[in-house]
file run23.cif (mmCIF, C-alpha atoms and all ligand atoms)
data_coords
#
loop_
_atom_site.label_atom_id
_atom_site.label_comp_id
_atom_site.auth_asym_id
_atom_site.auth_seq_id
_atom_site.Cartn_x
_atom_site.Cartn_y
_atom_site.Cartn_z
CA MET A 1 64.92 37.55 -41.15
CA LYS A 2 61.78 35.47 -40.69
CA LYS A 3 58.33 37.02 -40.97
CA LYS A 4 56.07 36.92 -37.93
CA ALA A 5 52.83 34.95 -38.03
CA ASP A 6 50.09 34.66 -35.39
CA LYS A 7 49.95 30.90 -35.84
CA LEU A 8 51.80 28.24 -37.78
CA VAL A 9 49.94 25.00 -38.47
CA PHE A 10 51.63 21.84 -39.76
CA ALA A 11 50.15 18.51 -40.81
CA ASP A 12 51.21 15.26 -42.47
CA HIS A 13 48.60 15.92 -45.16
CA LEU A 14 47.51 19.42 -46.07
CA VAL A 15 44.41 19.28 -48.27
CA THR A 16 44.21 22.75 -49.82
CA MET A 17 41.18 22.20 -52.14
CA GLY A 18 42.82 25.02 -54.02
CA ASN A 19 43.76 23.25 -57.17
CA GLY A 20 40.41 23.33 -58.94
CA ASP A 21 41.21 20.00 -60.61
CA ASN A 22 38.77 17.30 -59.59
CA GLY A 23 41.21 14.51 -60.30
CA ALA A 24 38.90 13.10 -62.96
CA ASN A 25 39.95 10.79 -65.79
CA GLY A 26 41.57 8.32 -63.44
CA ASP A 27 44.15 10.84 -62.28
CA ASN A 28 43.61 10.58 -58.57
CA GLY A 29 47.12 11.49 -57.54
CA ASP A 30 47.59 13.81 -54.58
CA GLU A 31 48.93 16.53 -56.84
CA ALA A 32 45.61 16.72 -58.67
CA LEU A 33 43.84 17.03 -55.32
CA GLY A 34 45.89 19.99 -54.16
CA VAL A 35 47.41 17.94 -51.33
CA ILE A 36 50.78 18.88 -49.82
CA ASP A 37 52.47 16.05 -47.94
CA SER A 38 54.15 17.32 -44.79
CA GLY A 39 52.68 20.75 -45.35
CA GLY A 40 52.20 23.88 -43.33
CA LEU A 41 50.58 27.26 -43.35
CA ALA A 42 51.00 30.64 -41.70
CA ILE A 43 48.04 32.58 -40.28
CA VAL A 44 48.10 36.35 -39.80
CA GLY A 45 44.96 37.84 -38.27
CA ASP A 46 41.90 36.23 -39.80
CA ARG A 47 43.65 35.13 -43.01
CA ILE A 48 45.99 32.49 -44.31
CA GLU A 49 49.13 34.29 -45.45
CA ALA A 50 51.23 31.47 -46.84
CA VAL A 51 50.90 27.77 -47.66
CA GLY A 52 53.67 25.34 -48.54
CA THR A 53 55.77 22.43 -47.40
CA ARG A 54 56.81 22.34 -43.75
CA ILE A 55 60.33 23.32 -44.76
CA GLU A 56 59.18 26.31 -46.83
CA ILE A 57 56.96 27.62 -44.03
CA GLU A 58 59.56 27.04 -41.30
CA GLU A 59 62.20 28.87 -43.31
CA ALA A 60 60.02 31.90 -43.97
CA TYR A 61 57.95 32.30 -40.76
CA GLU A 62 58.18 32.26 -36.99
CA SER A 63 55.39 32.34 -34.43
CA LEU A 64 54.80 31.96 -30.72
CA GLU A 65 51.97 29.54 -31.50
CA VAL A 66 52.78 26.40 -33.45
CA ILE A 67 50.14 23.70 -33.93
CA GLU A 68 51.51 20.29 -34.92
CA GLY A 69 49.46 17.77 -36.88
CA ASP A 70 51.41 14.53 -36.67
CA ASN A 71 49.29 11.67 -37.99
CA ALA A 72 46.70 14.17 -39.07
CA ALA A 73 45.22 15.92 -42.08
CA LEU A 74 44.45 19.62 -42.24
CA ILE A 75 41.38 20.35 -44.36
CA PRO A 76 39.31 23.50 -44.98
CA GLY A 77 36.38 24.01 -42.56
CA LEU A 78 33.11 22.22 -43.32
CA TYR A 79 29.82 24.06 -43.92
CA ASN A 80 26.31 22.99 -43.00
CA THR A 81 24.22 24.99 -45.46
CA HIS A 82 20.77 24.03 -44.24
CA THR A 83 19.71 23.40 -40.68
CA HIS A 84 17.31 24.39 -37.92
CA ALA A 85 19.83 24.39 -35.10
CA ALA A 86 17.54 24.72 -32.07
CA MET A 87 15.65 21.60 -33.16
CA ALA A 88 18.58 19.68 -31.69
CA LEU A 89 16.43 19.62 -28.53
CA LEU A 90 13.79 17.63 -30.46
CA ARG A 91 16.29 15.04 -31.67
CA GLY A 92 14.67 11.62 -31.68
CA LEU A 93 11.26 12.94 -30.61
CA SER A 94 9.54 11.13 -33.46
CA ASP A 95 11.13 8.76 -35.96
CA ASP A 96 10.01 6.35 -38.67
CA VAL A 97 6.77 8.11 -39.60
CA PRO A 98 5.75 10.02 -42.78
CA LEU A 99 6.69 13.73 -43.01
CA LYS A 100 3.10 14.94 -42.54
CA ILE A 101 2.55 12.93 -39.34
CA TRP A 102 6.04 13.79 -38.09
CA LEU A 103 5.35 17.51 -38.50
CA GLU A 104 1.67 17.78 -37.61
CA ASP A 105 1.39 15.22 -34.80
CA HIS A 106 4.81 15.54 -33.19
CA ILE A 107 7.05 18.50 -34.09
CA TRP A 108 4.49 21.32 -34.31
CA PRO A 109 2.67 20.38 -31.05
CA ALA A 110 6.02 20.21 -29.19
CA GLU A 111 7.10 23.56 -30.65
CA ASN A 112 3.74 25.11 -29.77
CA LYS A 113 4.14 24.08 -26.19
CA TRP A 114 7.84 24.67 -25.60
CA LEU A 115 9.18 27.22 -28.04
CA SER A 116 10.73 30.19 -26.21
CA GLU A 117 13.84 32.28 -26.28
CA GLU A 118 15.36 30.07 -23.59
CA PHE A 119 14.52 26.89 -25.52
CA VAL A 120 16.19 28.31 -28.65
CA ARG A 121 19.25 29.49 -26.72
CA ASP A 122 19.82 26.07 -25.13
CA GLY A 123 19.01 24.29 -28.40
CA VAL A 124 21.42 26.35 -30.50
CA ARG A 125 24.13 25.87 -27.84
CA LEU A 126 23.68 22.11 -28.10
CA ALA A 127 23.78 22.34 -31.91
CA CYS A 128 26.87 24.57 -31.98
CA LEU A 129 28.69 22.26 -29.59
CA GLU A 130 27.89 19.25 -31.80
CA MET A 131 28.71 21.01 -35.07
CA LEU A 132 31.94 22.62 -33.92
CA LEU A 133 33.29 19.36 -32.48
CA ALA A 134 32.50 17.77 -35.86
CA GLY A 135 34.52 20.31 -37.83
CA THR A 136 31.68 22.56 -39.00
CA VAL A 137 32.84 26.17 -39.19
CA GLY A 138 29.64 27.76 -40.52
CA PHE A 139 25.95 26.89 -40.59
CA ALA A 140 22.92 28.32 -42.36
CA ASP A 141 20.05 28.43 -39.92
CA MET A 142 16.32 29.00 -40.21
CA TYR A 143 14.13 28.92 -37.12
CA PHE A 144 12.57 31.22 -34.53
CA PHE A 145 14.40 33.84 -32.38
CA ASP A 146 17.18 34.19 -34.98
CA GLU A 147 18.92 36.91 -32.98
CA VAL A 148 19.41 34.36 -30.17
CA ALA A 149 21.00 31.94 -32.66
CA GLY A 150 23.29 34.79 -33.71
CA GLU A 151 24.30 35.56 -30.12
CA VAL A 152 25.05 31.90 -29.40
CA SER A 153 27.13 31.44 -32.59
CA LYS A 154 29.15 34.46 -31.57
CA GLU A 155 29.74 33.01 -28.08
CA PHE A 156 31.24 29.96 -29.80
CA GLY A 157 33.04 32.01 -32.47
CA MET A 158 31.29 30.18 -35.33
CA ARG A 159 30.06 31.59 -38.63
CA ALA A 160 26.30 31.65 -39.14
CA GLN A 161 23.97 32.73 -41.91
CA LEU A 162 20.62 33.43 -40.27
CA PHE A 163 17.62 33.17 -42.57
CA SER A 164 14.85 35.02 -40.77
CA GLY A 165 11.88 32.81 -41.61
CA VAL A 166 8.72 34.05 -43.33
CA ILE A 167 5.48 32.10 -43.32
CA ASP A 168 1.94 33.28 -44.13
CA PHE A 169 0.05 31.68 -41.25
CA PRO A 170 0.37 32.75 -37.60
CA THR A 171 2.91 30.92 -35.43
CA LYS A 172 3.62 31.05 -31.72
CA THR A 173 5.89 34.06 -32.25
CA THR A 174 4.50 35.81 -35.36
CA SER A 175 1.08 36.88 -36.58
CA GLY A 176 1.75 36.47 -40.32
CA SER A 177 4.13 37.30 -43.15
CA ASP A 178 4.26 41.08 -42.57
CA GLN A 179 5.52 40.64 -39.04
CA CYS A 180 8.03 38.03 -40.25
CA ILE A 181 9.37 40.52 -42.79
CA ASP A 182 9.66 43.20 -40.09
CA ASN A 183 11.65 40.70 -38.00
CA ALA A 184 13.98 40.14 -40.96
CA ARG A 185 14.58 43.91 -41.18
CA GLU A 186 15.44 44.02 -37.48
CA LEU A 187 17.78 41.06 -37.81
CA TYR A 188 19.51 42.80 -40.70
CA GLU A 189 20.04 45.97 -38.63
CA ARG A 190 21.35 43.96 -35.69
CA PHE A 191 23.99 41.95 -37.59
CA LYS A 192 24.65 43.90 -40.82
CA ASN A 193 28.25 44.71 -39.89
CA ASP A 194 29.13 41.54 -38.02
CA GLU A 195 32.29 39.68 -38.92
CA LEU A 196 30.85 36.20 -38.34
CA ILE A 197 27.07 36.54 -38.63
CA GLN A 198 25.28 37.16 -41.93
CA PRO A 199 21.67 38.28 -41.65
CA ALA A 200 19.43 36.86 -44.37
CA ILE A 201 15.76 36.24 -45.12
CA GLY A 202 14.02 32.94 -45.74
CA ALA A 203 10.76 31.89 -47.35
CA HIS A 204 9.60 28.74 -45.59
CA SER A 205 8.27 27.28 -48.86
CA ALA A 206 6.10 27.95 -51.91
CA TYR A 207 3.18 26.20 -50.18
CA THR A 208 3.34 28.36 -47.02
CA CYS A 209 4.22 31.69 -48.72
CA SER A 210 1.88 33.28 -51.29
CA PRO A 211 3.27 34.78 -54.52
CA GLU A 212 2.79 38.21 -52.91
CA THR A 213 4.82 37.19 -49.85
CA LEU A 214 7.56 35.75 -52.07
CA ARG A 215 7.74 39.07 -53.95
CA LYS A 216 8.12 40.98 -50.66
CA ILE A 217 10.89 38.62 -49.52
CA TYR A 218 12.70 39.04 -52.81
CA SER A 219 12.49 42.81 -52.71
CA LEU A 220 13.80 43.06 -49.13
CA ALA A 221 16.65 40.68 -50.01
CA LYS A 222 17.58 42.89 -52.98
CA GLU A 223 17.18 46.14 -50.99
CA LYS A 224 19.57 44.93 -48.27
CA ASN A 225 21.75 42.79 -50.54
CA MET A 226 21.02 39.71 -48.42
CA PRO A 227 20.99 36.05 -49.40
CA PHE A 228 17.54 34.43 -49.25
CA ASN A 229 16.43 30.84 -49.08
CA ILE A 230 13.50 28.46 -49.49
CA HIS A 231 12.64 24.80 -48.96
CA LEU A 232 12.13 23.76 -52.58
CA SER A 233 10.62 20.64 -54.13
CA GLU A 234 11.34 18.60 -51.04
CA THR A 235 8.50 16.12 -51.46
CA LYS A 236 6.24 14.74 -54.18
CA TRP A 237 3.33 16.12 -52.13
CA GLU A 238 4.76 19.66 -52.46
CA VAL A 239 5.03 19.35 -56.24
CA ASP A 240 1.42 18.13 -56.53
CA GLU A 241 0.18 20.87 -54.19
CA ILE A 242 1.90 23.71 -56.09
CA LYS A 243 0.80 22.31 -59.45
CA GLN A 244 -2.78 22.19 -58.22
CA LYS A 245 -2.62 25.74 -56.82
CA TYR A 246 -0.66 27.50 -59.57
CA GLY A 247 -0.62 25.07 -62.51
CA LEU A 248 3.18 24.85 -62.43
CA THR A 249 5.85 22.80 -60.64
CA PRO A 250 7.57 24.64 -57.73
CA VAL A 251 10.73 25.59 -59.66
CA ARG A 252 8.71 26.84 -62.67
CA HIS A 253 6.40 28.71 -60.29
CA LEU A 254 9.42 30.50 -58.75
CA GLU A 255 10.95 31.15 -62.17
CA LYS A 256 7.69 32.80 -63.27
CA LEU A 257 7.74 35.00 -60.13
CA GLY A 258 11.35 36.03 -60.79
CA PHE A 259 12.40 34.44 -57.46
CA LEU A 260 15.27 32.34 -58.90
CA ASP A 261 18.48 34.27 -58.39
CA LYS A 262 22.16 33.83 -57.63
CA GLU A 263 21.53 34.90 -54.03
CA LEU A 264 18.85 32.21 -53.60
CA ARG A 265 19.83 29.19 -51.49
CA ALA A 266 17.40 26.37 -52.23
CA ALA A 267 17.21 23.49 -49.78
CA HIS A 268 16.46 19.93 -50.98
CA CYS A 269 15.44 20.15 -54.69
CA VAL A 270 14.59 16.44 -54.61
CA TRP A 271 11.75 16.51 -57.19
CA VAL A 272 13.23 18.50 -60.07
CA ASP A 273 13.25 17.48 -63.73
CA LYS A 274 15.97 18.13 -66.33
CA GLU A 275 14.44 21.42 -67.48
CA GLU A 276 14.14 22.66 -63.90
CA ILE A 277 17.79 21.78 -63.27
CA GLU A 278 18.66 23.93 -66.29
CA MET A 279 16.58 26.80 -64.85
CA LEU A 280 18.36 26.58 -61.49
CA ALA A 281 21.74 26.47 -63.25
CA LYS A 282 20.94 29.42 -65.50
CA ARG A 283 19.86 31.57 -62.54
CA GLU A 284 22.93 30.41 -60.52
CA VAL A 285 20.77 29.25 -57.61
CA LYS A 286 22.85 27.44 -54.97
CA VAL A 287 21.40 24.16 -53.72
CA ALA A 288 21.72 22.64 -50.23
CA HIS A 289 21.57 18.87 -50.50
CA CYS A 290 20.15 17.29 -47.31
CA VAL A 291 20.64 13.66 -48.22
CA GLU A 292 20.12 12.05 -44.80
CA SER A 293 17.02 14.04 -43.92
CA ASN A 294 15.53 13.24 -47.35
CA LEU A 295 16.26 9.55 -46.86
CA LYS A 296 14.94 9.44 -43.31
CA LEU A 297 11.66 11.16 -44.17
CA ALA A 298 11.47 9.05 -47.36
CA SER A 299 11.21 12.22 -49.44
CA GLY A 300 13.40 10.78 -52.22
CA ILE A 301 16.93 11.25 -53.59
CA ALA A 302 17.83 14.58 -55.19
CA PRO A 303 19.43 14.27 -58.67
CA VAL A 304 22.69 15.80 -57.45
CA PRO A 305 25.03 14.30 -60.09
CA ASP A 306 22.81 15.91 -62.78
CA MET A 307 22.87 19.24 -60.91
CA LEU A 308 26.66 19.17 -60.64
CA ARG A 309 26.96 18.33 -64.36
CA ALA A 310 24.71 21.32 -65.10
CA GLY A 311 27.15 23.52 -63.17
CA ILE A 312 25.03 24.12 -60.04
CA SER A 313 26.96 24.80 -56.84
CA VAL A 314 25.58 22.08 -54.53
CA SER A 315 26.61 22.02 -50.87
CA LEU A 316 25.59 19.83 -47.93
CA GLY A 317 23.06 20.40 -45.16
CA THR A 318 21.88 18.24 -42.30
CA ASP A 319 18.45 19.86 -41.96
CA GLY A 320 17.26 19.88 -38.33
CA ALA A 321 18.46 17.18 -35.94
CA ALA A 322 14.84 16.06 -35.50
CA SER A 323 14.93 14.58 -39.01
CA ASN A 324 18.49 13.33 -39.33
CA ASN A 325 19.20 12.81 -36.30
CA ASP A 326 22.59 14.49 -36.04
CA LEU A 327 24.37 17.60 -37.32
CA ASP A 328 27.37 15.77 -38.68
CA ILE A 329 28.76 16.79 -42.08
CA PHE A 330 31.19 13.84 -42.07
CA GLY A 331 28.11 11.60 -42.04
CA GLU A 332 26.47 13.64 -44.82
CA MET A 333 29.60 13.45 -46.97
CA ARG A 334 29.80 9.68 -46.69
CA THR A 335 26.07 9.15 -47.26
CA ALA A 336 26.06 11.52 -50.26
CA ALA A 337 29.09 9.79 -51.78
CA LEU A 338 27.45 6.37 -51.42
CA VAL A 339 23.76 6.96 -52.11
CA HIS A 340 24.21 8.50 -55.55
CA LYS A 341 26.45 5.66 -56.68
CA GLY A 342 23.86 3.12 -55.58
CA ALA A 343 20.95 5.06 -57.05
CA SER A 344 22.61 5.58 -60.45
CA ASN A 345 24.65 2.37 -60.81
CA ASP A 346 27.55 4.70 -61.55
CA PRO A 347 30.54 4.52 -59.16
CA GLU A 348 32.11 7.55 -60.83
CA CYS A 349 29.18 9.96 -60.43
CA MET A 350 30.33 11.55 -57.15
CA ASP A 351 33.97 10.91 -56.31
CA ALA A 352 35.52 11.68 -52.93
CA TYR A 353 37.07 14.96 -54.09
CA THR A 354 33.74 16.20 -55.49
CA VAL A 355 31.98 15.46 -52.19
CA LEU A 356 34.69 17.13 -50.10
CA LYS A 357 34.42 20.11 -52.41
CA MET A 358 30.66 20.27 -51.82
CA ALA A 359 31.21 20.41 -48.04
CA THR A 360 34.04 22.96 -48.18
CA VAL A 361 34.35 25.14 -51.30
CA ASN A 362 30.67 25.02 -52.32
CA GLY A 363 29.49 25.46 -48.73
CA ALA A 364 31.79 28.42 -48.23
CA SER A 365 30.67 29.96 -51.51
CA ALA A 366 27.09 30.04 -50.17
CA PHE A 367 28.56 32.30 -47.46
CA GLY A 368 30.60 34.35 -49.95
CA LEU A 369 33.83 32.76 -48.65
CA GLU A 370 36.63 30.66 -50.16
CA GLY A 371 36.61 27.25 -48.46
CA THR A 372 40.24 26.59 -49.43
CA LEU A 373 43.56 26.56 -47.62
CA THR A 374 45.26 29.02 -49.94
CA PRO A 375 47.02 32.36 -49.42
CA GLY A 376 44.52 35.17 -48.83
CA ALA A 377 41.65 32.86 -47.83
CA HIS A 378 39.92 33.21 -44.45
CA ALA A 379 41.67 31.09 -41.82
CA ASP A 380 38.96 28.42 -41.30
CA MET A 381 40.37 24.90 -40.95
CA VAL A 382 39.96 21.51 -39.33
CA MET A 383 42.58 19.01 -38.17
CA VAL A 384 41.45 15.41 -38.66
CA SER A 385 43.42 12.68 -36.90
CA THR A 386 44.64 9.80 -39.03
CA ALA A 387 45.89 7.89 -35.98
CA GLY A 388 42.95 5.48 -35.57
CA ALA A 389 42.83 1.91 -36.90
CA HIS A 390 39.96 2.86 -39.25
CA MET A 391 42.16 5.57 -40.81
CA ASN A 392 45.12 3.37 -41.78
CA PRO A 393 46.91 2.92 -44.05
CA VAL A 394 46.50 6.17 -46.01
CA TYR A 395 46.77 5.86 -49.81
CA ASN A 396 44.59 8.82 -50.76
CA ILE A 397 43.79 11.28 -47.98
CA CYS A 398 40.73 12.66 -49.76
CA SER A 399 39.13 9.21 -50.01
CA GLN A 400 40.09 8.56 -46.40
CA ILE A 401 38.28 11.69 -45.22
CA ILE A 402 35.08 10.77 -47.09
CA TYR A 403 34.92 6.99 -46.69
CA SER A 404 36.74 6.26 -43.42
CA ALA A 405 36.92 9.34 -41.19
CA LYS A 406 34.39 10.04 -38.46
CA SER A 407 33.55 13.37 -36.91
CA SER A 408 35.14 12.10 -33.68
CA ASP A 409 38.49 12.23 -35.53
CA VAL A 410 38.30 16.04 -35.48
CA LYS A 411 40.94 17.28 -33.04
CA MET A 412 41.32 20.99 -33.75
CA VAL A 413 39.23 23.70 -35.39
CA ILE A 414 40.24 27.25 -36.32
CA ILE A 415 37.64 29.80 -37.43
CA ASN A 416 38.58 33.29 -38.59
CA GLY A 417 42.09 32.74 -37.22
CA ASN A 418 40.88 31.73 -33.73
CA THR A 419 41.43 28.27 -32.26
CA LEU A 420 38.01 27.09 -31.04
CA VAL A 421 38.59 23.36 -30.62
CA SER A 422 41.82 21.94 -29.25
CA ASP A 423 42.48 18.29 -28.39
CA GLY A 424 38.88 17.51 -29.30
CA ARG A 425 37.44 19.95 -26.70
CA VAL A 426 35.52 23.16 -27.35
CA LEU A 427 37.36 26.06 -25.70
CA ASN A 428 34.62 28.72 -25.45
CA ALA A 429 31.82 26.72 -23.85
CA ASP A 430 31.02 24.49 -20.90
CA GLN A 431 30.25 21.19 -22.63
CA ASP A 432 28.85 19.46 -19.51
CA GLU A 433 26.48 22.31 -18.75
CA ILE A 434 25.16 22.37 -22.33
CA ILE A 435 24.45 18.65 -22.28
CA ASP A 436 22.82 18.87 -18.81
CA LYS A 437 20.47 21.57 -20.15
CA ALA A 438 19.58 19.37 -23.14
CA ARG A 439 18.68 16.56 -20.73
CA TYR A 440 16.54 18.93 -18.71
CA TRP A 441 14.57 19.98 -21.82
CA GLY A 442 14.25 16.34 -22.88
CA THR A 443 12.64 15.50 -19.54
CA GLN A 444 10.26 18.47 -19.84
CA VAL A 445 9.16 17.67 -23.40
CA LYS A 446 8.75 13.99 -22.57
CA SER A 447 6.64 14.63 -19.47
CA SER A 448 4.23 16.83 -21.43
CA ARG A 449 3.57 14.06 -23.96
CA ASN A 450 2.66 11.32 -21.48
ZN ZN Z 1 14.65 22.47 -43.47
#
call {"tool": "encode", "arguments": {"input": "run23.cif", "output": "structure tokens"}}
result
Amino acid sequence: MKKKADKLVFADHLVTMGNGDNGANGDNGDEALGVIDSGGLAIVGDRIEAVGTRIEIEEAYESLEVIEGDNAALIPGLYNTHTHAAMALLRGLSDDVPLKIWLEDHIWPAENKWLSEEFVRDGVRLACLEMLLAGTVGFADMYFFDEVAGEVSKEFGMRAQLFSGVIDFPTKTTSGSDQCIDNARELYERFKNDELIQPAIGAHSAYTCSPETLRKIYSLAKEKNMPFNIHLSETKWEVDEIKQKYGLTPVRHLEKLGFLDKELRAAHCVWVDKEEIEMLAKREVKVAHCVESNLKLASGIAPVPDMLRAGISVSLGTDGAASNNDLDIFGEMRTAALVHKGASNDPECMDAYTVLKMATVNGASAFGLEGTLTPGAHADMVMVSTAGAHMNPVYNICSQIIYSAKSSDVKMVIINGNTLVSDGRVLNADQDEIIDKARYWGTQVKSSRN
């Protein structure tokens, strides 16, 4: 008698990422990549129960819901481990200027004028729509009105890690760091038992949070057992500023304060030297690499191959759409795979499997999840079509996903066992209405600048 499953999913190529072998030493065969040709899996509840060949799964399981992936690859869900989702409404507001001018002359004035709960709700909806259609199953967010971001992610059925932001100076919604920390406590209470939303606390940076504030953030994170994050060594300016203030580089400054920790998620880490990489590795800090944002703002190129060699878990983030200008992890994967080769003259420094692992396994690990298509793992997965001209022929599916696939090839997304995208359409949201609202906000913001 066959066992009952809630869903059976089949695909021409099933990329499990469960092998642990990076296919190094010239062994790039599918076996080393944990790929099952003509594979399938069974989902029961929010978990994957079994994985195997189509024949094995068909013989052992039956289900009322069968999803077929002809001319398609099934991969684990992608994670965006650093973004400011609501900033999607400021996409393209100001481009091709230095970071300081971008922030002080364009982004901050627009936020000061327009930031509201409604703005954040419509902005996060736009961001979730974009991310989900591009195969992102979870995102780490840091902005204002975090509870609104949590409500919207739940509407969509996406995973979100909400870093309630702390900054010393007053903003439109907070009077200083103490109020920010109170907000983080409230966010924790609101979402502490949620299946999809993880409350967390975030230090904006070492130049906007005093050592005392950083200590308070750390102690709340430890008290509530929450992850915490920080923008770290993003620009040369930041390094000079922290050195001038505290006599140490940002990473050494945080090490001295005891802020480096395995629950710390550090975004950027562009300007870090060899010794700092060792410090981050020793403390098991997880790094979010935001390659496109760093390139666009001319902040530099993070030494990711060195971080990976040191054993740091590096994942991928888009940063906000205002500095990218999209929330597309397929784009980040391709850029990351290419930039480091060009920058190091070493074509082997970040192979396709390593980059896919950064977006899946390493991203999931920042959420305390698996990021693999293996028995027992959470049922988070993405079907990528291989039907298009740009996807053929297929010699190595992993390379195809990194170097040829586009986010528009995403046809189906399952998160926590629920189908949220089918036939390239989001099921839980009105796409046209979300885009109309974005246009409305665009008109408002534009009119106030003229
Ligand atoms: Zn950021």
call {"tool": "residues_near_ligand", "arguments": {"input": "run23.cif", "ligand": "ligand ZN 1 (chain Z)", "cutoff": "8 Å", "atoms": "all atoms listed in the file", "output": "mmCIF file with C-alpha atoms, in the coordinates of the input"}}
result
data_model
loop_
_atom_site.group_PDB
_atom_site.id
_atom_site.type_symbol
_atom_site.label_atom_id
_atom_site.label_comp_id
_atom_site.auth_asym_id
_atom_site.auth_seq_id
_atom_site.Cartn_x
_atom_site.Cartn_y
_atom_site.Cartn_z
ATOM 1 C CA HIS A 82 20.770 24.030 -44.240
ATOM 2 C CA THR A 83 19.710 23.400 -40.680
ATOM 3 C CA HIS A 84 17.310 24.390 -37.920
ATOM 4 C CA MET A 142 16.320 29.000 -40.210
ATOM 5 C CA HIS A 231 12.640 24.800 -48.960
ATOM 6 C CA ALA A 267 17.210 23.490 -49.780
ATOM 7 C CA ASP A 319 18.450 19.860 -41.960
ATOM 8 C CA GLY A 320 17.260 19.880 -38.330
#
call {"tool": "closest_residue", "arguments": {"input": "run23.cif", "among": "A:Phe367, A:Phe119, A:Phe259, A:Trp271", "to": "Tyr218 of chain A", "atoms": "all atoms listed in the file"}}
result
A:Phe259
call {"tool": "residues_around", "arguments": {"input": "run23.cif", "residues": "segment 107-111 of chain A", "least_positions_apart": "6", "cutoff": "12 Å", "atoms": "all atoms listed in the file", "output": "ChimeraX atom specification"}}
result
/A:86-95,97,99-101,117,119-120,143-144,171-173,320-323,441-442,444-449
call {"tool": "atom_distance", "arguments": {"input": "run23.cif", "atom1": "atom CA of Glu58 of chain A", "atom2": "atom CA of Val382 of chain A"}}
result
20.5 Å
call {"tool": "closest_residue", "arguments": {"input": "run23.cif", "among": "A:Ala288, A:Leu232, A:Ala336, A:Met158", "to": "Gly138 of chain A", "atoms": "only C-alpha atoms"}}
result
A:Met158
call {"tool": "closest_residue", "arguments": {"input": "run23.cif", "among": "A:Gly202, A:Gly317, A:Gly331, A:Pro250", "to": "Ala85 of chain A", "atoms": "all atoms listed in the file"}}
result
A:Gly317
call {"tool": "atom_distance", "arguments": {"input": "run23.cif", "atom1": "atom CA of Lys2 of chain A", "atom2": "atom CA of Glu62 of chain A"}}
result
6.1 Å
call {"tool": "residues_around", "arguments": {"input": "run23.cif", "residues": "segment 133-137 of chain A", "least_positions_apart": "4", "cutoff": "9 Å", "atoms": "all atoms listed in the file", "output": "PyMOL selection string"}}
result
chain A and resi 77-80+128-129+157-160+327-330+380-384+406-415+421+424-426
call {"tool": "residues_around", "arguments": {"input": "run23.cif", "residues": "Thr174 of chain A", "least_positions_apart": "3", "cutoff": "12 Å", "atoms": "all atoms listed in the file", "output": "number ranges by chain"}}
result
A: 143-145, 164-171, 177-184
call {"tool": "residues_near_point", "arguments": {"input": "run23.cif", "point": "(20.4, 21.1, -50.0)", "cutoff": "9 Å", "atoms": "all atoms listed in the file", "output": "ChimeraX atom specification"}}
result
/A:81-82,231,265-270,286-291,302,314-319
call {"tool": "write_last_selection", "arguments": {"input": "run23.cif", "atoms": "C-alpha atoms", "output": "PDB file, in the frame of the given file"}}
result
ATOM      1  CA  THR A  81      24.220  24.990 -45.460  1.00  0.00           C
ATOM      2  CA  HIS A  82      20.770  24.030 -44.240  1.00  0.00           C
ATOM      3  CA  HIS A 231      12.640  24.800 -48.960  1.00  0.00           C
ATOM      4  CA  ARG A 265      19.830  29.190 -51.490  1.00  0.00           C
ATOM      5  CA  ALA A 266      17.400  26.370 -52.230  1.00  0.00           C
ATOM      6  CA  ALA A 267      17.210  23.490 -49.780  1.00  0.00           C
ATOM      7  CA  HIS A 268      16.460  19.930 -50.980  1.00  0.00           C
ATOM      8  CA  CYS A 269      15.440  20.150 -54.690  1.00  0.00           C
ATOM      9  CA  VAL A 270      14.590  16.440 -54.610  1.00  0.00           C
ATOM     10  CA  LYS A 286      22.850  27.440 -54.970  1.00  0.00           C
ATOM     11  CA  VAL A 287      21.400  24.160 -53.720  1.00  0.00           C
ATOM     12  CA  ALA A 288      21.720  22.640 -50.230  1.00  0.00           C
ATOM     13  CA  HIS A 289      21.570  18.870 -50.500  1.00  0.00           C
ATOM     14  CA  CYS A 290      20.150  17.290 -47.310  1.00  0.00           C
ATOM     15  CA  VAL A 291      20.640  13.660 -48.220  1.00  0.00           C
ATOM     16  CA  ALA A 302      17.830  14.580 -55.190  1.00  0.00           C
ATOM     17  CA  VAL A 314      25.580  22.080 -54.530  1.00  0.00           C
ATOM     18  CA  SER A 315      26.610  22.020 -50.870  1.00  0.00           C
ATOM     19  CA  LEU A 316      25.590  19.830 -47.930  1.00  0.00           C
ATOM     20  CA  GLY A 317      23.060  20.400 -45.160  1.00  0.00           C
ATOM     21  CA  THR A 318      21.880  18.240 -42.300  1.00  0.00           C
ATOM     22  CA  ASP A 319      18.450  19.860 -41.960  1.00  0.00           C
TER      23      ASP A 319
END
call {"tool": "atom_distance", "arguments": {"input": "run23.cif", "atom1": "atom CA of Arg252 of chain A", "atom2": "atom CA of Glu284 of chain A"}}
result
14.8 Å
call {"tool": "residues_near_point", "arguments": {"input": "run23.cif", "point": "(22.5, 31.6, -59.9)", "cutoff": "8 Å", "atoms": "all atoms listed in the file", "output": "list in words"}}
result
Leu260, Asp261, Lys262, Glu263, Leu264, Leu280, Ala281, Lys282, Arg283, Glu284, Val285, Lys286 and Ile312 of chain A
call {"tool": "residues_around", "arguments": {"input": "run23.cif", "residues": "Lys296 of chain A", "least_positions_apart": "4", "cutoff": "8 Å", "atoms": "only C-alpha atoms", "output": "PyMOL selection string"}}
result
chain A and resi 96+292+323-324
call {"tool": "closest_residue", "arguments": {"input": "run23.cif", "among": "A:Gly376, A:Gly39, A:Gly123, A:Pro76", "to": "Tyr440 of chain A", "atoms": "all atoms listed in the file"}}
result
A:Gly123
